[in-house]
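Have a look at the structure below, then the notes.
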Amino acid sequence: MIPTTAREIRLRSRPAGWPAPENFELCEVPVRQPDEDEVLVRNTHMSVDPYMRGRMSDAKSYVAPFALGEALQGGTVGWVAASRSQIPVGSWVRHDRGWRDYATIATKLAQPIDVNIAPPSAYLGVLGMPGLTAFVGLHDIGGLGPSDVVFISSAAGAVGSIAGQLAKAHGATVIGSAGSDEKVAYLTNELGFDAAFNYKNGRSVDQLRRLAPDGIDLYFDNVGGEQLEAALATLVDHGRIVACGMISQYNETAKAPRNLTAIVRSRLTMRGFIVFDHQARSGDFVREVAPQVKSGRIKFPESIVDGLENAPQAFIDMLRGGKYLGKVIVRLADAEARSPNTSS
Ligand SMILES: NC(=O)c1ccc[n+]([C@@H]2O[C@H](COP(=O)([O-])OP(=O)(O)OC[C@H]3O[C@@H](n4cnc5c(N)ncnc54)[C@H](OP(=O)(O)O)[C@@H]3O)[C@@H](O)[C@H]2O)c1
């Protein structure tokens, strides 16, 4: 049964520094039935991603800021609960109207997903934006080669955990960093990293040099700050940096890196990218990665938080780190309880 009202999370105020629960507001709104060429989706899982922090500020960026007093947006998956489109009721889709229990959207915004390959939540992580980011970052931006020694920061996170496994599958030697001994053990024991270190257990540069005495060829930077400084000091001549993200600086002012002269001295290349510019690679990505996800060769750690009302705290905890492993997903409804009248 489709309810007449449902909940959404709005941005009440823009965070200054670290976001807090007071920046968010849970509201009850009418559920709108679909018009012609629209579907109503019962969202079952939504993503919380670091880039959303940038959209909560009103600084100029590659994507427009979230509007105050309006529902937030972001990757979400769910099943079609009502349809006036060629997408039948019961179909699984992905779209970008997350942070709400129900969404009425144009057909063209609803991307069908195949839940026989992987569970719906995987389309927000390994088979979604973070997975494509890992794939594009390594291959198109980083020029990954089989003899590379690769260092990946936030290696137990959504992007890092996939980047590490893709680089290993390509033959590279892979070193990861993470913020707890449990995560470090997970990287080497479960995800096949060659080595890993806890960046909270001493200076990153010392730990990285110990694990890579001959230097690293490629740094996949998810973090910036002190770990970027460590990588700059450890890269071989003509080494490369994939500037994917700098999560250590999204809520605080950076104190590092202080050694950018290494770029000149070691003839380094540092290249940033935004995954949304690389959607044309989605087909190649799915062809390479989906079979490995289905076979179990690629693992996709997820941390699931229940309930839309807990999404703001999940987002804040994801940014702070330490609590969650892999992709952080907020479960909005039981995926098993979907409309029973269609198959996938
Ligand atoms: N360029 C693009 O198009 C693109 C696309 C997607 C993501 N990104 C970026 O890629 C990075 C990873 O994204 P993701 O979605 O996979 O997020 P993620 O790595 O899962 O982010 C959460 C993790 O970040 C780590 N972290 C937080 N603060 C840190 C700090 N000060 N120092 C070191 N680690 C810290 C924490 O891990 P620990 O518990 O291990 O500390 C936390 O669990 C982010 O910077 C994101 O903005 C870029």
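Chain labels A, B, ... are given in the sequence in which chains occur in the structure tokens; within each chain residues are numbered consecutively from 1, and ligands are likewise numbered from 1 in the order shown.
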
Residues flagged helix (DSSP H, G or I) by DSSP in region 2-249 of chain A, as a PyMOL selection string: chain A and resi 21-23+51-55+107-109+120-124+129-141+158-169+181-189+204-211+225-234+247-249

All residues having an atom within 7 Å of ligand 1 (only C-alpha atoms and all ligand atoms) as a ChimeraX atom specification: /A:49-51,129-130,133,154-160,177-180,183,222-223,244-248,272-276,318-328

Those same residues, written as a compact mmCIF listing (two decimals), in the first residue's frame with C-alpha atoms?
# COMPACT_ATOMS: atom_id res chain seq x y z
CA ASP A 49 28.98 10.24 0.30
CA PRO A 50 31.80 12.66 1.18
CA TYR A 51 31.00 14.91 -1.83
CA MET A 129 29.57 5.84 -8.40
CA PRO A 130 32.34 4.77 -5.97
CA THR A 133 35.52 6.30 -9.45
CA SER A 154 41.24 5.43 3.04
CA ALA A 155 41.71 1.97 1.61
CA ALA A 156 38.91 0.45 3.68
CA GLY A 157 36.44 3.06 2.41
CA ALA A 158 33.95 2.82 -0.45
CA VAL A 159 36.32 3.86 -3.25
CA GLY A 160 39.56 2.63 -1.67
CA SER A 177 46.16 2.83 4.85
CA ALA A 178 43.23 3.03 7.23
CA GLY A 179 42.41 4.41 10.65
CA SER A 180 42.21 1.29 12.82
CA LYS A 183 40.61 -2.17 9.15
CA ASN A 222 41.36 9.83 -1.06
CA VAL A 223 42.50 11.82 1.92
CA CYS A 244 40.51 11.56 -6.15
CA GLY A 245 39.52 13.26 -2.89
CA MET A 246 40.86 14.98 0.20
CA ILE A 247 38.44 14.01 2.95
CA SER A 248 40.80 15.16 5.72
CA GLY A 272 42.55 15.46 -10.38
CA PHE A 273 39.27 14.25 -11.82
CA ILE A 274 35.54 14.20 -11.19
CA VAL A 275 33.81 10.91 -11.92
CA PHE A 276 30.71 12.61 -13.35
CA MET A 318 31.13 8.45 7.76
CA LEU A 319 33.00 11.75 7.43
CA ARG A 320 34.66 11.36 10.82
CA GLY A 321 35.80 7.81 10.11
CA GLY A 322 36.69 5.08 12.57
CA LYS A 323 33.16 3.69 12.83
CA TYR A 324 32.25 2.21 9.46
CA LEU A 325 33.92 -0.17 7.04
CA GLY A 326 33.44 0.11 3.28
CA LYS A 327 30.46 1.81 1.70
CA VAL A 328 28.07 3.46 4.15

Surrounding residues of Thr5 (chain A) excluding itself and chain neighbours under 2 positions, 6 Å, only C-alpha atoms, as a PDB file with C-alpha atoms, in the first residue's frame:
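Contents of selection.pdb, freshly written:
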ATOM      1  CA  PRO A   3       1.025   5.877   1.942  1.00  0.00           C
ATOM      2  CA  VAL A  29       5.390  15.522   2.949  1.00  0.00           C
ATOM      3  CA  PRO A  30       2.585  14.287   0.647  1.00  0.00           C
ATOM      4  CA  VAL A  31       3.461  11.389  -1.680  1.00  0.00           C
TER       5      VAL A  31
END

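Note that the spacing between CA of Gly125 (chain A) and CA of Ile329 (chain A) amounts to 8.6 Å.
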
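Summary of the local environment: counting only C-alpha atoms, residues at most 8 Å from Glu25 (chain A), other than itself and those fewer than 2 positions away along its chain, are Ile9, Arg10, Leu11, Arg12, Glu22, Asn23 and Cys27 of chain A.
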
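Straight-line separation from CA of Gly98 (chain A) to CA of Ile113 (chain A): 15.9 Å.
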
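Distances here use only C-alpha atoms; by that measure, the residue among A:His170, A:Arg281, A:Lys108, A:Arg100 closest to Ile87 (chain A) is A:Lys108.
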
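Within the 12 Å cut-off around Phe193 (chain A), using only C-alpha atoms and omitting residues fewer than 6 positions from it on the same chain, the listed residues are A:Val149, A:Val150, A:Phe151, A:Ile152, A:Ala155, A:Ala156, A:Gly160, A:Ser161, A:Ile162, A:Ala163, A:Gly164, A:Gln165, A:Leu166, A:Ala167, A:Lys168, A:Ala169, A:Gly171, A:Ala172, A:Thr173, A:Val174, A:Ile175, A:Gly176, A:Ser177, A:Lys183, A:Val184, A:Ala185, A:Tyr186, A:Leu187, A:Leu211.
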
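Assigned to strand (DSSP E or B) in region 83-174 of chain A, given DSSP computed from backbone atoms, are A:Ser83, A:Trp92, A:Val93, A:Arg94, A:His95, A:Arg97, A:Arg100, A:Tyr102, A:Ala103, A:Thr104, A:Ile105, A:Ala106, A:Gln111, A:Pro112, A:Val149, A:Val150, A:Phe151, A:Ile152, A:Gly157, A:Thr173, A:Val174.
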
Contacts of Gly283 (chain A) within 12 Å, only C-alpha atoms, excl. fewer than 5 positions in-chain, as a list in words: Leu127, Gly128, Leu132, Phe135, Val136, His278, Glu288, Val289 and Ala290 of chain A

Among the residues A:Ala335, A:Val242, A:Glu309, A:Ala67, the one that comes closest to Trp79 (chain A) [using only C-alpha atoms]: A:Ala335

Distance of CA of Val205 (chain A) from CA of Asp237 (chain A), expressed in Å to one decimal place: 16.8 Å
